[in-house]
Amino acid sequence: MRIKQFSMKIVMTVLVAIGLISFMVQHFSVKTIGQEEEAKVLNLSVASEPVMDPAFVTDSYSMPMLKNILEGLTRPTSTGDIVPAMAESWDISEDGRTYTFYLREGIQWSNGDPVTALDFEYAWKRVLNPETIAPNASKLFVIEGAEAYFMGEGTAEDVQITVVDDATLEVTLVEPTPHFLELTARQVTLYPVHQATVEADAAWAGEAGETFVSNGPFLFTEWNHSGDYRIEKNPDYWDVENVDLDEVYVRIIEDAATANMNFMSGELDFIGIPFNTIPTDAIDAYRKDDELIVTDIGATYLYKLNTTDKVLQNKNIRKALSFAIDRQKLIDNIAKGEQTPAKGAIAPTVPGFEEDRDYFEDADYETARELLAVGMEELGYDDASKIPLVIQTNANDAHMAVAQFIQNEWASELGLKPTIATVEINVHFDSMTQLNFQIGRIGPTVDYNSAFAYLEQYYTADTAGNRTGWENADFQAILDKVTTVTDPDEQYELYLEAEAILMDEMPFIPIYYYTNPQVVSDHIEGLVVDGMVDVQLKEVKYKQN
């Protein structure tokens, strides 16, 4: 009996030991695996390679990411408020023209150098330097002396950007600009760059890692060209304690259907502008499952028209093409994102422009045919099918579907025979900038929520973002006048006059005002795309299982 009891004790001891060892193995294994799983990684995708030099960014895929890697004097929150960033405070002169920014103490670049007022002066004047040929230099023309310097009619010293000391920057504007703080938050040309890095290597922004010196909440740590890139939490960022994500991994996926499959398989955490778009044939399914989120954004789906083209130089032809589109039918059957038909230049996200201004009727085929007949006579065509027209878009199923719909509209209602050309996205935008196209798809966003932001890109044919070759002296005069007016009602009437000229001249075809259909993984919260298509990744929270 005692032997049995002794044997049983041995067995129990061995079992307890085995159990303890098993527990320890499991405990430490789970902890090790858990540590890997606990890394808070947000998985996104974009449709094209990023452009990482803020002097040269023009596309809507690069800008939102760059705004999380670099940081300006101010920054927008996900609710649209403009809050202190590199600058902790500022003063504005009584006349509204001079801004004095006071930088935070202890802010630094990713290489340990301090961020100073000199970094902002250098970055801004670099953009304005005519030799830089920065496409968005005009965004800084609100600064006194900036336009003259860029146009070769002034010097860098004439630009009214003054470094009072390392922590104090003074800027004098041409005129009172109430949206200037929003520009410093949203316009990447107003972000700082690290002077020593830029001057050491002209291709400094072509790679990630230690060669890319930044000051934002995330570091640009890895870039596999045409494949993917990675950003990681910046441990030296001034507000790092409020950054939840450890890492953001971004795949470059041009095809929306492929991105959608990646989301469905759990490889992506979000689909929606600016991180790819939901394929139109998937929107209904997400809506049915109550997973679809739809928000308004300040952008318009457009077909820009090259007004220097031998056919599209004719205003009647341009207007005929615009009138002969059933926008609501396109939205209901093709886009499916609860968009609003666009019949103006200013999006309804701007206060006061929520309602249609009745510049023309949707699907006005009769008027379109009349305009086409006049235009054909003016150009010497007697057969509409002989008019050469090419719709150019980037290779994307959703954009192709829109192009095919419009192609069919123009064929069936006007007798035209337009063709469709699809090209790689960066080539597409470059060819539009160079006016090497006829009809080109684009969905431009704006830098601040004002009617002026939508109109100013057409101020001259050379203004960044114009991409039509069109300009008009009467239109310019109105925009010049509106900057001298302080009464909101008078400003509103001037905006309507300017918009009416655009809709009469029709250098672009407005198709619909964007919404942003989007889906997000259950373990991600706080990923908000605001009306200006900015995303504050520092506010995103990762919910642990």
# chains A, B, ... in the order shown; residues from 1 in each chain; ligands from 1
call {"tool": "residues_around", "arguments": {"residues": "stretch 103-107 of chain A", "least_positions_apart": "2", "cutoff": "9 Å", "atoms": "only C-alpha atoms", "output": "PDB file with C-alpha atoms, in the first residue's frame"}}
result
ATOM      1  CA  LEU A  73       3.714  74.667 -38.688  1.00  0.00           C
ATOM      2  CA  ALA A  85       2.136  71.375 -34.863  1.00  0.00           C
ATOM      3  CA  MET A  86       5.782  72.429 -35.311  1.00  0.00           C
ATOM      4  CA  ALA A  87       4.623  75.851 -34.164  1.00  0.00           C
ATOM      5  CA  GLU A  88       3.112  75.871 -30.694  1.00  0.00           C
ATOM      6  CA  SER A  89       1.530  79.310 -31.189  1.00  0.00           C
ATOM      7  CA  TRP A  90       1.366  82.321 -33.513  1.00  0.00           C
ATOM      8  CA  PHE A 101       5.043  81.634 -35.654  1.00  0.00           C
ATOM      9  CA  TRP A 109      14.631  65.940 -37.371  1.00  0.00           C
ATOM     10  CA  ASP A 113      19.211  67.944 -35.734  1.00  0.00           C
ATOM     11  CA  PRO A 114      16.868  70.578 -34.328  1.00  0.00           C
ATOM     12  CA  VAL A 115      13.989  71.821 -36.485  1.00  0.00           C
ATOM     13  CA  THR A 116      14.347  75.597 -36.749  1.00  0.00           C
ATOM     14  CA  ALA A 117      12.739  78.541 -38.477  1.00  0.00           C
ATOM     15  CA  ASP A 166      15.808  79.789 -34.492  1.00  0.00           C
ATOM     16  CA  ALA A 167      12.350  79.467 -32.966  1.00  0.00           C
ATOM     17  CA  THR A 168      10.562  82.431 -34.551  1.00  0.00           C
ATOM     18  CA  LEU A 169       9.380  82.768 -38.157  1.00  0.00           C
ATOM     19  CA  ASN A 215      10.117  65.441 -38.717  1.00  0.00           C
ATOM     20  CA  ASP A 236      11.555  61.434 -31.425  1.00  0.00           C
ATOM     21  CA  TYR A 237       8.330  63.070 -32.599  1.00  0.00           C
ATOM     22  CA  TRP A 238       7.190  65.773 -30.158  1.00  0.00           C
TER      23      TRP A 238
END
call {"tool": "residues_around", "arguments": {"residues": "stretch 194-202 of chain A", "least_positions_apart": "2", "cutoff": "12 Å", "atoms": "only C-alpha atoms", "output": "short mmCIF file (atom, residue, chain, number, x, y, z; two decimals) with N, CA, C and O atoms, in the first residue's frame"}}
result
data_model
loop_
_atom_site.label_atom_id
_atom_site.label_comp_id
_atom_site.auth_asym_id
_atom_site.auth_seq_id
_atom_site.Cartn_x
_atom_site.Cartn_y
_atom_site.Cartn_z
N ASP A 53 9.25 64.17 -52.43
CA ASP A 53 9.79 65.52 -52.28
C ASP A 53 8.61 66.49 -52.29
O ASP A 53 7.90 66.60 -53.29
N PRO A 54 8.36 67.21 -51.18
CA PRO A 54 7.18 68.08 -51.13
C PRO A 54 7.17 69.18 -52.19
O PRO A 54 6.11 69.74 -52.47
N ALA A 55 8.33 69.47 -52.78
CA ALA A 55 8.36 70.48 -53.84
C ALA A 55 7.74 69.97 -55.13
O ALA A 55 7.38 70.77 -55.99
N LEU A 70 6.25 64.14 -42.88
CA LEU A 70 6.70 65.49 -42.57
C LEU A 70 5.59 66.23 -41.82
O LEU A 70 4.43 65.82 -41.88
N GLU A 71 5.96 67.29 -41.15
CA GLU A 71 4.94 68.07 -40.44
C GLU A 71 5.22 69.55 -40.61
O GLU A 71 6.37 70.00 -40.51
N GLN A 108 12.76 68.07 -33.38
CA GLN A 108 13.97 67.68 -34.09
C GLN A 108 13.67 66.84 -35.32
O GLN A 108 12.60 66.25 -35.46
N TRP A 109 14.67 66.80 -36.20
CA TRP A 109 14.63 65.94 -37.37
C TRP A 109 14.98 64.51 -36.95
O TRP A 109 15.51 64.29 -35.86
N SER A 110 14.69 63.58 -37.83
CA SER A 110 14.93 62.18 -37.50
C SER A 110 16.41 61.85 -37.33
O SER A 110 16.76 60.81 -36.77
N ASN A 111 17.30 62.72 -37.79
CA ASN A 111 18.74 62.49 -37.59
C ASN A 111 19.26 63.19 -36.34
O ASN A 111 20.46 63.19 -36.07
N GLY A 112 18.35 63.80 -35.57
CA GLY A 112 18.73 64.44 -34.32
C GLY A 112 18.95 65.93 -34.41
O GLY A 112 19.04 66.61 -33.37
N ASP A 113 19.05 66.50 -35.60
CA ASP A 113 19.21 67.94 -35.73
C ASP A 113 17.93 68.66 -35.29
O ASP A 113 16.82 68.15 -35.51
N PRO A 114 18.07 69.84 -34.72
CA PRO A 114 16.87 70.58 -34.33
C PRO A 114 16.12 71.11 -35.55
O PRO A 114 16.74 71.46 -36.57
N VAL A 115 14.81 71.16 -35.47
CA VAL A 115 13.99 71.82 -36.48
C VAL A 115 13.93 73.30 -36.11
O VAL A 115 13.54 73.65 -34.99
N THR A 116 14.31 74.16 -37.04
CA THR A 116 14.35 75.60 -36.75
C THR A 116 13.56 76.38 -37.80
O THR A 116 13.16 75.84 -38.83
N ALA A 117 13.42 77.66 -37.53
CA ALA A 117 12.74 78.54 -38.48
C ALA A 117 13.47 78.58 -39.81
O ALA A 117 12.86 78.76 -40.87
N LEU A 118 14.78 78.38 -39.77
CA LEU A 118 15.57 78.37 -41.01
C LEU A 118 15.13 77.25 -41.94
O LEU A 118 15.19 77.40 -43.17
N ASP A 119 14.68 76.13 -41.39
CA ASP A 119 14.25 75.00 -42.23
C ASP A 119 13.02 75.38 -43.05
O ASP A 119 12.88 74.95 -44.20
N PHE A 120 12.13 76.14 -42.46
CA PHE A 120 10.95 76.58 -43.19
C PHE A 120 11.30 77.62 -44.24
O PHE A 120 10.83 77.55 -45.39
N GLU A 121 12.15 78.58 -43.89
CA GLU A 121 12.56 79.57 -44.87
C GLU A 121 13.24 78.89 -46.06
O GLU A 121 12.94 79.19 -47.23
N TYR A 122 14.14 77.95 -45.77
CA TYR A 122 14.85 77.27 -46.85
C TYR A 122 13.87 76.50 -47.74
O TYR A 122 13.94 76.58 -48.98
N ALA A 123 12.97 75.75 -47.14
CA ALA A 123 12.04 74.92 -47.91
C ALA A 123 11.14 75.76 -48.79
O ALA A 123 10.93 75.45 -49.97
N TRP A 124 10.61 76.85 -48.26
CA TRP A 124 9.69 77.68 -49.02
C TRP A 124 10.40 78.39 -50.17
O TRP A 124 9.87 78.47 -51.28
N LYS A 125 11.58 78.90 -49.89
CA LYS A 125 12.31 79.59 -50.96
C LYS A 125 12.85 78.62 -52.00
O LYS A 125 13.02 78.98 -53.17
N ARG A 126 13.09 77.39 -51.57
CA ARG A 126 13.48 76.34 -52.54
C ARG A 126 12.35 76.10 -53.53
O ARG A 126 12.58 75.96 -54.75
N THR A 132 14.18 75.46 -59.42
CA THR A 132 13.58 74.22 -58.88
C THR A 132 12.48 73.70 -59.80
O THR A 132 12.27 72.50 -59.93
N TYR A 191 5.69 72.70 -46.08
CA TYR A 191 6.34 71.87 -45.06
C TYR A 191 7.86 72.09 -45.13
O TYR A 191 8.39 72.47 -46.17
N PRO A 192 8.55 71.84 -44.04
CA PRO A 192 10.01 72.03 -44.05
C PRO A 192 10.71 70.83 -44.68
O PRO A 192 10.17 69.73 -44.74
N TRP A 204 17.69 63.00 -53.03
CA TRP A 204 17.51 62.64 -51.62
C TRP A 204 16.15 62.00 -51.33
O TRP A 204 16.03 61.17 -50.43
N ALA A 205 15.13 62.35 -52.10
CA ALA A 205 13.78 61.84 -51.83
C ALA A 205 13.48 60.56 -52.59
O ALA A 205 12.36 60.07 -52.57
N GLY A 206 14.49 59.99 -53.25
CA GLY A 206 14.26 58.80 -54.06
C GLY A 206 14.34 57.50 -53.31
O GLY A 206 14.00 56.45 -53.85
N GLU A 207 14.77 57.55 -52.05
CA GLU A 207 14.87 56.34 -51.25
C GLU A 207 14.37 56.61 -49.84
O GLU A 207 14.23 57.76 -49.42
N GLU A 210 17.61 55.98 -43.66
CA GLU A 210 18.36 57.06 -43.03
C GLU A 210 18.60 58.24 -43.97
O GLU A 210 18.82 59.37 -43.53
N THR A 211 18.56 58.00 -45.27
CA THR A 211 18.78 59.09 -46.22
C THR A 211 17.57 60.01 -46.34
O THR A 211 17.67 61.09 -46.90
N PHE A 212 16.42 59.56 -45.80
CA PHE A 212 15.22 60.40 -45.84
C PHE A 212 15.01 60.97 -44.45
O PHE A 212 14.51 60.30 -43.55
N VAL A 213 15.41 62.21 -44.27
CA VAL A 213 15.33 62.87 -42.96
C VAL A 213 13.98 63.58 -42.86
O VAL A 213 13.61 64.36 -43.74
N SER A 214 13.23 63.29 -41.79
CA SER A 214 11.88 63.82 -41.67
C SER A 214 11.62 64.29 -40.25
O SER A 214 12.45 64.11 -39.34
N ASN A 215 10.44 64.88 -40.03
CA ASN A 215 10.12 65.44 -38.72
C ASN A 215 8.70 65.14 -38.26
O ASN A 215 8.24 65.70 -37.26
#
call {"tool": "select_by_dssp", "arguments": {"residues": "stretch 236-389 of chain A", "states": "strand (DSSP E)", "output": "ChimeraX atom specification"}}
result
/A:247-252,270-271,293-305,340-341
call {"tool": "write_last_selection", "arguments": {"atoms": "C-alpha atoms", "output": "tab-separated table (two decimals), in the first residue's frame"}}
result
chain	number	residue	atom	x	y	z
A	247	GLU	CA	3.89	50.86	-38.36
A	248	VAL	CA	1.99	51.48	-41.61
A	249	TYR	CA	2.67	49.06	-44.44
A	250	VAL	CA	1.59	50.31	-47.86
A	251	ARG	CA	1.30	48.07	-50.92
A	252	ILE	CA	1.32	49.63	-54.38
A	270	PHE	CA	-9.00	49.97	-45.42
A	271	ILE	CA	-10.23	50.70	-48.93
A	293	ILE	CA	-19.29	54.17	-45.02
A	294	VAL	CA	-19.94	57.08	-47.42
A	295	THR	CA	-18.67	60.60	-46.75
A	296	ASP	CA	-18.50	63.76	-48.86
A	297	ILE	CA	-15.12	65.03	-49.95
A	298	GLY	CA	-14.05	68.28	-51.58
A	299	ALA	CA	-13.24	66.99	-55.04
A	300	THR	CA	-14.87	66.65	-58.44
A	301	TYR	CA	-14.58	63.84	-60.97
A	302	LEU	CA	-13.62	65.71	-64.15
A	303	TYR	CA	-12.73	65.24	-67.75
A	304	LYS	CA	-10.19	67.96	-68.50
A	305	LEU	CA	-10.25	69.19	-72.10
A	340	THR	CA	-24.04	64.12	-56.78
A	341	PRO	CA	-24.11	65.09	-60.49
call {"tool": "residues_around", "arguments": {"residues": "stretch 139-150 of chain A", "least_positions_apart": "3", "cutoff": "10 Å", "atoms": "only C-alpha atoms", "output": "VMD selection string"}}
result
chain A and resid 97 to 98 124 to 136 153 to 161 171 to 177 180 183 to 184 187 to 190 447 456 to 457 463 to 464
call {"tool": "select_by_dssp", "arguments": {"residues": "stretch 218-331 of chain A", "states": "alpha helix (DSSP H)", "output": "ChimeraX atom specification"}}
result
/A:256-264,280-288,315-323,327-330
call {"tool": "residues_around", "arguments": {"residues": "A:Asp326", "least_positions_apart": "5", "cutoff": "8 Å", "atoms": "only C-alpha atoms", "output": "PyMOL selection string"}}
result
chain A and resi 362-363+409
call {"tool": "write_last_selection", "arguments": {"atoms": "N, CA, C and O atoms", "output": "PDB file, in the first residue's frame"}}
result
ATOM      1  N   ASP A 362     -28.693  68.392 -66.825  1.00  0.00           N
ATOM      2  CA  ASP A 362     -28.096  67.071 -66.985  1.00  0.00           C
ATOM      3  C   ASP A 362     -28.758  66.359 -68.163  1.00  0.00           C
ATOM      4  O   ASP A 362     -29.975  66.442 -68.350  1.00  0.00           O
ATOM      5  N   ALA A 363     -27.952  65.671 -68.951  1.00  0.00           N
ATOM      6  CA  ALA A 363     -28.448  64.877 -70.088  1.00  0.00           C
ATOM      7  C   ALA A 363     -29.297  65.720 -71.039  1.00  0.00           C
ATOM      8  O   ALA A 363     -30.355  65.288 -71.513  1.00  0.00           O
ATOM      9  N   GLU A 409     -22.494  57.221 -74.558  1.00  0.00           N
ATOM     10  CA  GLU A 409     -23.373  58.387 -74.600  1.00  0.00           C
ATOM     11  C   GLU A 409     -23.070  59.240 -75.833  1.00  0.00           C
ATOM     12  O   GLU A 409     -23.970  59.645 -76.567  1.00  0.00           O
TER      13      GLU A 409
END
call {"tool": "atom_distance", "arguments": {"atom1": "atom CA of A:Asn234", "atom2": "atom CA of A:Phe218"}}
result
4.7 Å
call {"tool": "atom_distance", "arguments": {"atom1": "atom CA of A:Ser78", "atom2": "atom CA of A:Gly526"}}
result
8.2 Å
